[in-house]
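Have a look at work-v7.txt; it's compact mmCIF, C-alpha atoms:
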```
# COMPACT_ATOMS: atom_id res chain seq x y z
CA MET A 1 22.44 13.62 7.33
CA ALA A 2 20.10 15.23 9.89
CA GLY A 3 22.91 15.12 12.46
CA LEU A 4 23.19 11.31 12.42
CA ASP A 5 26.56 9.65 12.87
CA ILE A 6 27.74 6.83 10.61
CA THR A 7 26.58 4.10 13.02
CA GLU A 8 23.01 5.47 13.05
CA VAL A 9 22.97 5.75 9.24
CA VAL A 10 24.14 2.13 8.90
CA GLU A 11 21.47 0.97 11.38
CA LEU A 12 18.75 2.71 9.35
CA ALA A 13 20.09 1.18 6.14
CA VAL A 14 20.12 -2.34 7.60
CA LEU A 15 16.57 -1.84 8.92
CA LEU A 16 15.32 -0.82 5.46
CA VAL A 17 17.00 -3.77 3.76
CA ALA A 18 15.37 -6.15 6.26
CA VAL A 19 11.98 -4.49 5.90
CA GLY A 20 12.31 -4.83 2.13
CA GLY A 21 12.45 -8.60 2.54
CA LEU A 22 9.40 -8.59 4.81
CA SER A 23 7.40 -6.31 2.53
CA GLY A 24 8.14 -8.44 -0.52
CA PHE A 25 7.04 -11.58 1.30
CA LEU A 26 3.80 -9.89 2.44
CA ALA A 27 3.20 -8.61 -1.10
CA GLY A 28 3.14 -12.21 -2.25
CA VAL A 29 1.07 -13.48 0.69
CA PHE A 30 -1.61 -10.77 0.74
CA GLY A 31 -1.42 -9.17 -2.71
CA ILE A 32 -1.00 -5.73 -1.13
CA GLY A 33 2.31 -4.58 -2.60
CA GLY A 34 3.90 -4.47 0.87
CA GLY A 35 2.90 -0.85 1.45
CA ALA A 36 1.08 -1.49 4.71
CA ILE A 37 4.39 -2.55 6.29
CA LEU A 38 6.57 -0.03 4.45
CA VAL A 39 4.58 3.11 5.34
CA PRO A 40 4.83 2.70 9.16
CA VAL A 41 8.53 1.77 8.99
CA PHE A 42 9.37 4.65 6.65
CA TYR A 43 7.51 6.97 9.02
CA GLU A 44 9.91 6.06 11.85
CA CYS A 45 13.00 6.22 9.64
CA PHE A 46 12.11 9.63 8.20
CA ARG A 47 11.31 10.92 11.70
CA ILE A 48 14.81 9.91 12.84
CA ALA A 49 16.28 11.45 9.68
CA GLY A 50 14.69 14.83 10.51
CA VAL A 51 11.95 15.01 7.85
CA PRO A 52 9.36 17.61 9.02
CA LEU A 53 6.00 16.29 10.20
CA GLU A 54 4.14 18.27 7.50
CA VAL A 55 5.69 16.26 4.66
CA ARG A 56 6.71 13.03 6.41
CA MET A 57 3.58 10.97 5.70
CA PRO A 58 3.32 11.85 1.97
CA LEU A 59 7.05 11.05 1.59
CA CYS A 60 6.40 7.63 3.17
CA ILE A 61 3.46 6.95 0.85
CA GLY A 62 5.16 8.12 -2.34
CA THR A 63 8.25 6.02 -1.59
CA SER A 64 6.07 3.02 -0.80
CA LEU A 65 4.23 3.31 -4.13
CA ALA A 66 7.53 3.48 -6.02
CA ILE A 67 8.77 0.30 -4.33
CA ILE A 68 5.47 -1.48 -4.99
CA ILE A 69 6.01 -1.21 -8.78
CA PRO A 70 8.65 -3.98 -9.17
CA THR A 71 7.42 -5.97 -6.15
CA SER A 72 3.83 -6.15 -7.39
CA LEU A 73 4.97 -7.02 -10.92
CA ARG A 74 6.91 -9.99 -9.54
CA SER A 75 4.00 -11.05 -7.32
CA PHE A 76 1.47 -10.68 -10.18
CA ARG A 77 3.52 -12.86 -12.54
CA ALA A 78 3.79 -15.58 -9.90
CA HIS A 79 0.02 -15.55 -9.22
CA LEU A 80 -0.77 -15.41 -12.95
CA ALA A 81 1.34 -18.52 -13.51
CA ARG A 82 -0.97 -20.32 -11.06
CA GLY A 83 -4.08 -19.15 -12.97
CA ALA A 84 -5.48 -17.34 -9.92
CA VAL A 85 -5.93 -13.81 -11.37
CA ASP A 86 -9.44 -12.71 -12.47
CA MET A 87 -8.69 -10.80 -15.69
CA GLU A 88 -12.36 -9.78 -16.10
CA ILE A 89 -12.15 -7.62 -12.96
CA LEU A 90 -9.02 -5.93 -14.33
CA ARG A 91 -10.86 -5.14 -17.55
CA LYS A 92 -13.75 -3.50 -15.66
CA TRP A 93 -11.61 -1.58 -13.18
CA TRP A 94 -8.57 -0.29 -15.02
CA LEU A 95 -10.04 3.06 -16.10
CA PRO A 96 -11.95 3.95 -12.88
CA ILE A 97 -8.85 3.02 -10.87
CA LEU A 98 -6.61 5.29 -12.96
CA ILE A 99 -9.07 8.18 -12.47
CA GLY A 100 -9.05 7.51 -8.72
CA VAL A 101 -5.24 7.50 -8.69
CA ALA A 102 -5.16 10.86 -10.49
CA VAL A 103 -7.59 12.42 -8.00
CA GLY A 104 -5.61 10.95 -5.09
CA SER A 105 -2.33 12.36 -6.43
CA VAL A 106 -3.80 15.88 -6.69
CA THR A 107 -5.27 15.53 -3.19
CA ALA A 108 -1.84 14.54 -1.87
CA ARG A 109 -0.43 17.88 -2.94
CA PHE A 110 -2.86 19.95 -0.89
CA ALA A 111 -4.20 17.69 1.89
CA PRO A 112 -3.10 18.10 5.54
CA GLU A 113 -0.72 15.46 6.89
CA LYS A 114 -3.29 14.16 9.38
CA LEU A 115 -5.68 13.14 6.57
CA PHE A 116 -3.31 10.39 5.38
CA LYS A 117 -3.14 8.86 8.88
CA ILE A 118 -6.92 9.00 9.37
CA VAL A 119 -7.59 7.30 6.03
CA PHE A 120 -4.97 4.65 6.81
CA VAL A 121 -6.45 3.81 10.23
CA LEU A 122 -10.12 3.79 9.20
CA VAL A 123 -9.63 1.53 6.23
CA ALA A 124 -7.06 -0.79 7.84
CA TRP A 125 -9.21 -1.35 10.95
CA SER A 126 -12.42 -1.79 8.94
CA ALA A 127 -10.77 -4.44 6.81
CA ALA A 128 -9.24 -6.11 9.90
CA ALA A 129 -12.65 -6.39 11.57
CA ARG A 130 -14.15 -7.92 8.42
CA LEU A 131 -11.39 -10.51 8.16
CA LEU A 132 -11.04 -11.41 11.85
CA PHE A 133 -14.74 -11.66 12.72
CA ALA A 134 -16.19 -12.60 9.35
CA ARG A 135 -19.05 -15.05 9.08
CA GLU A 136 -20.21 -16.74 5.91
CA GLY A 137 -23.34 -14.56 5.96
CA TRP A 138 -21.32 -11.32 5.91
CA LYS A 139 -21.79 -10.58 2.22
CA LEU A 140 -22.90 -7.71 0.02
CA GLY A 141 -23.96 -10.15 -2.71
CA ASN A 142 -23.19 -13.42 -4.39
CA ASP A 143 -20.97 -11.80 -7.04
CA LEU A 144 -19.49 -8.43 -7.90
CA PRO A 145 -21.98 -6.01 -9.51
CA ASP A 146 -21.93 -4.66 -13.05
CA GLY A 147 -22.48 -1.11 -14.24
CA PRO A 148 -21.95 2.17 -12.35
CA LEU A 149 -21.49 0.61 -8.89
CA MET A 150 -18.60 -1.53 -10.11
CA LYS A 151 -16.96 1.54 -11.65
CA LEU A 152 -17.49 3.50 -8.42
CA TYR A 153 -15.78 0.73 -6.48
CA GLY A 154 -12.82 0.93 -8.88
CA PHE A 155 -12.57 4.69 -8.43
CA PHE A 156 -12.42 4.41 -4.64
CA VAL A 157 -9.89 1.57 -4.83
CA GLY A 158 -7.59 3.89 -6.81
CA LEU A 159 -8.27 6.97 -4.66
CA LEU A 160 -7.84 5.40 -1.22
CA SER A 161 -4.88 3.29 -2.28
CA THR A 162 -3.07 6.40 -3.47
CA LEU A 163 -3.74 8.17 -0.16
CA MET A 164 -2.50 5.14 1.80
CA GLY A 165 0.39 4.01 -0.42
CA ILE A 166 -0.63 0.35 -0.31
CA GLY A 167 -1.18 -0.61 -3.94
CA GLY A 168 -4.89 -1.34 -3.78
CA GLY A 169 -4.80 -4.87 -2.42
CA LEU A 170 -6.48 -3.99 0.85
CA PHE A 171 -9.62 -2.58 -0.79
CA SER A 172 -9.94 -5.05 -3.63
CA ASN A 173 -9.41 -7.95 -1.20
CA LEU A 174 -12.16 -6.57 1.02
CA LEU A 175 -14.61 -6.00 -1.84
CA MET A 176 -14.04 -9.34 -3.52
CA THR A 177 -14.47 -11.34 -0.30
CA PHE A 178 -17.61 -9.34 0.60
CA TYR A 179 -19.02 -10.50 -2.74
CA GLY A 180 -18.21 -14.13 -2.14
CA ARG A 181 -14.97 -14.44 -4.09
CA PRO A 182 -12.34 -16.85 -2.64
CA ILE A 183 -9.62 -15.14 -0.61
CA HIS A 184 -6.87 -16.72 -2.76
CA GLN A 185 -8.42 -15.28 -5.95
CA ALA A 186 -8.81 -11.89 -4.22
CA VAL A 187 -5.14 -11.87 -3.22
CA ALA A 188 -3.98 -12.84 -6.72
CA THR A 189 -6.15 -10.25 -8.49
CA SER A 190 -5.06 -7.57 -6.02
CA SER A 191 -1.44 -8.12 -6.98
CA ALA A 192 -2.37 -7.14 -10.55
CA LEU A 193 -4.26 -4.07 -9.34
CA ALA A 194 -1.18 -3.04 -7.36
CA VAL A 195 0.74 -2.78 -10.64
CA LEU A 196 -2.02 -0.63 -12.14
CA ILE A 197 -2.08 1.71 -9.13
CA SER A 198 1.57 1.99 -8.16
CA ILE A 199 3.01 3.30 -11.43
CA PRO A 200 0.78 6.38 -11.90
CA GLY A 201 0.58 6.77 -8.11
CA ALA A 202 4.36 7.09 -7.74
CA LEU A 203 4.50 9.57 -10.64
CA GLY A 204 1.71 11.57 -8.96
CA TYR A 205 3.66 11.79 -5.70
CA ILE A 206 6.75 12.97 -7.55
CA TYR A 207 4.58 15.78 -8.93
CA ALA A 208 2.88 16.47 -5.59
CA GLY A 209 6.17 16.68 -3.70
CA TRP A 210 8.10 18.74 -6.21
CA PRO A 211 7.82 21.98 -4.15
CA ALA A 212 8.92 20.21 -0.91
CA ALA A 213 12.65 20.46 -1.65
CA ALA A 214 12.40 24.24 -2.10
CA THR A 215 10.15 24.64 0.95
CA TYR A 216 12.63 22.76 3.18
CA PRO A 217 16.07 23.48 1.65
CA ASP A 218 17.93 22.41 4.83
CA VAL A 219 16.31 18.95 5.00
CA ALA A 220 18.72 16.65 3.16
CA PRO A 221 16.33 13.67 2.77
CA LEU A 222 14.06 15.85 0.60
CA GLN A 223 16.80 17.00 -1.79
CA LEU A 224 18.30 15.40 -4.88
CA PRO A 225 19.95 12.87 -5.06
CA PHE A 226 18.22 11.55 -1.93
CA ALA A 227 14.65 12.19 -3.12
CA LEU A 228 12.57 13.09 -6.15
CA GLY A 229 9.42 14.87 -5.02
CA TYR A 230 7.72 12.67 -2.43
CA VAL A 231 9.75 9.60 -3.44
CA SER A 232 12.84 8.84 -1.36
CA LEU A 233 15.33 7.43 -3.85
CA ILE A 234 17.72 6.15 -1.20
CA GLY A 235 14.85 4.45 0.66
CA ALA A 236 13.62 2.81 -2.53
CA LEU A 237 17.09 1.58 -3.53
CA LEU A 238 17.64 -0.03 -0.13
CA VAL A 239 14.26 -1.76 0.02
CA MET A 240 13.69 -2.94 -3.57
CA PRO A 241 16.34 -5.71 -3.95
CA THR A 242 15.25 -7.83 -0.98
CA SER A 243 11.55 -7.22 -1.66
CA LEU A 244 11.97 -8.65 -5.17
CA LEU A 245 13.73 -11.72 -3.82
CA THR A 246 11.04 -12.58 -1.26
CA ALA A 247 7.82 -11.84 -3.24
CA PRO A 248 7.67 -15.30 -4.91
CA LEU A 249 8.16 -16.94 -1.49
CA GLY A 250 5.09 -15.08 -0.25
CA VAL A 251 3.04 -16.33 -3.20
CA ARG A 252 3.94 -19.92 -2.38
CA ALA A 253 3.04 -19.36 1.28
CA ALA A 254 -0.34 -17.85 0.35
CA HIS A 255 -1.35 -20.83 -1.76
CA ALA A 256 -0.20 -23.22 0.99
CA MET A 257 -2.49 -21.62 3.61
CA SER A 258 -6.12 -22.44 4.22
CA LYS A 259 -8.73 -19.77 3.48
CA ARG A 260 -9.39 -19.03 7.17
CA THR A 261 -5.70 -18.97 8.11
CA LEU A 262 -5.00 -16.43 5.38
CA GLU A 263 -7.94 -14.25 6.50
CA ILE A 264 -6.85 -14.27 10.16
CA ALA A 265 -3.22 -13.52 9.28
CA PHE A 266 -4.21 -10.61 7.04
CA GLY A 267 -6.69 -9.22 9.59
CA ALA A 268 -4.23 -9.33 12.50
CA TYR A 269 -1.57 -7.69 10.37
CA LEU A 270 -3.86 -4.81 9.37
CA PHE A 271 -4.96 -4.23 12.96
CA ILE A 272 -1.35 -3.92 14.13
CA VAL A 273 -0.21 -1.47 11.45
CA GLY A 274 -3.38 0.62 11.89
CA SER A 275 -2.71 0.86 15.61
CA ARG A 276 0.65 2.53 14.95
CA PHE A 277 -1.07 5.53 13.39
CA VAL A 278 -3.70 5.73 16.11
CA VAL A 279 -0.79 6.34 18.48
CA ALA A 280 0.56 9.02 16.13
CA LEU A 281 -2.84 10.75 15.88
CA LEU A 282 -3.29 10.76 19.66
```
Transcribe the structure of this file into structure tokens.
Amino acid sequence: MAGLDITEVVELAVLLVAVGGLSGFLAGVFGIGGGAILVPVFYECFRIAGVPLEVRMPLCIGTSLAIIIPTSLRSFRAHLARGAVDMEILRKWWLPILIGVAVGSVTARFAPEKLFKIVFVLVAWSAAARLLFAREGWKLGNDLPDGPLMKLYGFFVGLLSTLMGIGGGLFSNLLMTFYGRPIHQAVATSSALAVLISIPGALGYIYAGWPAAATYPDVAPLQLPFALGYVSLIGALLVMPTSLLTAPLGVRAAHAMSKRTLEIAFGAYLFIVGSRFVVALL
């Protein structure tokens, strides 16, 4: 495939299996579905495999969203068992988030490749700054708002998550902590939102990437049985098993950390993965 010999193919496969374990663990720790680690790694793997630049980033994001489905379900169940999920936020956000996911999926079909990288960097670095340098006075309010503003927040959580392939945890974490919610509750609730976003998001990327196979008939990673639209089936199959095994371990680690330790870890992580795409943009 793409001129790779068997040794190179095996190396890529081993890398994806290992990254699956890391992404599952981070899904449990941060409630982000693991997409913020999967997208940069997939980007390198698909580059080596010869996927054209024009479709590489959406293929990474669509595959990430597909993998987030079982990982976030496992993470959500573990957090729910600890009573840490705010079900009231889910009730208020489910419809605006689904609308945002739909708009993001349509955007993915027509947007230039650079847009995905710019969105990823801006949001990841903004969230990293908030978490690394936060002070107690850095708040938008004492609690999340009601009415149209809350619905608008939900819409943008769905939209931006679909363009980044990260399951929504990054944005909901940021919003909830800005409104004074505990970081552990934000992480737990975000794992539930990742379930809500990843299922329609993955279906949207299958739709958005449907013409890619015909546009690039000589690129094997875009053709069946290797891919379905902008979802790499072989990538998903390699990553999913280990991510499911490690997600509950991440949940236990999150609840064992102090509030400030969890914030610093999450902020440093987001800064590093955002930096990768700054390099790509430059």
message = One number please: atom CA of A:Ala213 to atom CA of A:Gly24, in Å, one decimal.
response = 29.3 Å
Considering all atoms listed in the file, return as a JSON list (two decimals) with C-alpha atoms, in the frame of the given file whatever protein or nucleic-acid residues lie within 6 Å of stretch 89-102 of chain A, sequence-local ones (same chain, fewer than 2 positions apart) excluded.
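What landed in result03.json:
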```json
[["chain", "number", "residue", "atom", "x", "y", "z"],
["A", 86, "ASP", "CA", -9.44, -12.71, -12.47],
["A", 87, "MET", "CA", -8.69, -10.80, -15.69],
["A", 104, "GLY", "CA", -5.61, 10.95, -5.09],
["A", 105, "SER", "CA", -2.33, 12.36, -6.43],
["A", 151, "LYS", "CA", -16.96, 1.54, -11.65],
["A", 154, "GLY", "CA", -12.82, 0.93, -8.88],
["A", 155, "PHE", "CA", -12.57, 4.69, -8.43],
["A", 158, "GLY", "CA", -7.59, 3.89, -6.81],
["A", 159, "LEU", "CA", -8.27, 6.97, -4.66],
["A", 162, "THR", "CA", -3.07, 6.40, -3.47],
["A", 201, "GLY", "CA", 0.58, 6.77, -8.11]]
```
query = Which residues, protein or nucleic acid, reach to within 10 Å of (8.8, 1.1, 6.6) in the file's coordinates when using all atoms listed in the file, and can you give that as JSON, numbers by chain?
reply = {"A": [15, 16, 17, 18, 19, 20, 22, 23, 34, 35, 36, 37, 38, 39, 40, 41, 42, 43, 44, 45, 46, 60, 61, 63, 64, 235, 239]}
inquiry  = Using all atoms listed in the file and a cutoff of 12 Å, can you tell me which residues are near (-1.5, -13.5, -9.1) in the file's coordinates, and write them out as an MDAnalysis selection string?
reply    = chainID A and resid 27:33 72:87 90 169 183:195 247:248 250:252 254:255
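Atom pair atom CA of A:Leu65 / atom CA of A:Phe266: separated by 19.7 Å.
One distance worth recording is that between atom CA of A:Pro112 and atom CA of A:Ala49, which is 20.9 Å.
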Per residue of stretch 223-281 of chain A within 12 Å of stretch 52-58 of chain A, note the shortest atom pair and the distance in Å to one decimal, counting all atoms listed in the file, and order the rows by chain and increasing residue number, as a Markdown table.
```
| residue | atom | partner | partner_atom | distance |
| --- | --- | --- | --- | --- |
| A:Gly229 | CA | A:Pro58 | CA | 9.8 |
| A:Tyr230 | CA | A:Pro58 | CA | 6.3 |
| A:Val231 | CA | A:Pro58 | CA | 8.7 |
| A:Ser232 | CA | A:Pro58 | CA | 10.5 |
| A:Phe277 | CA | A:Met57 | CA | 10.5 |
| A:Ala280 | CA | A:Leu53 | CA | 10.8 |
| A:Leu281 | CA | A:Leu53 | CA | 11.9 |
```
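For the residues A:Leu132, A:Ala66, A:Ala265, A:Val103, ranking by smallest atom-to-atom distance to A:Leu160 using all atoms listed in the file places A:Val103 first.
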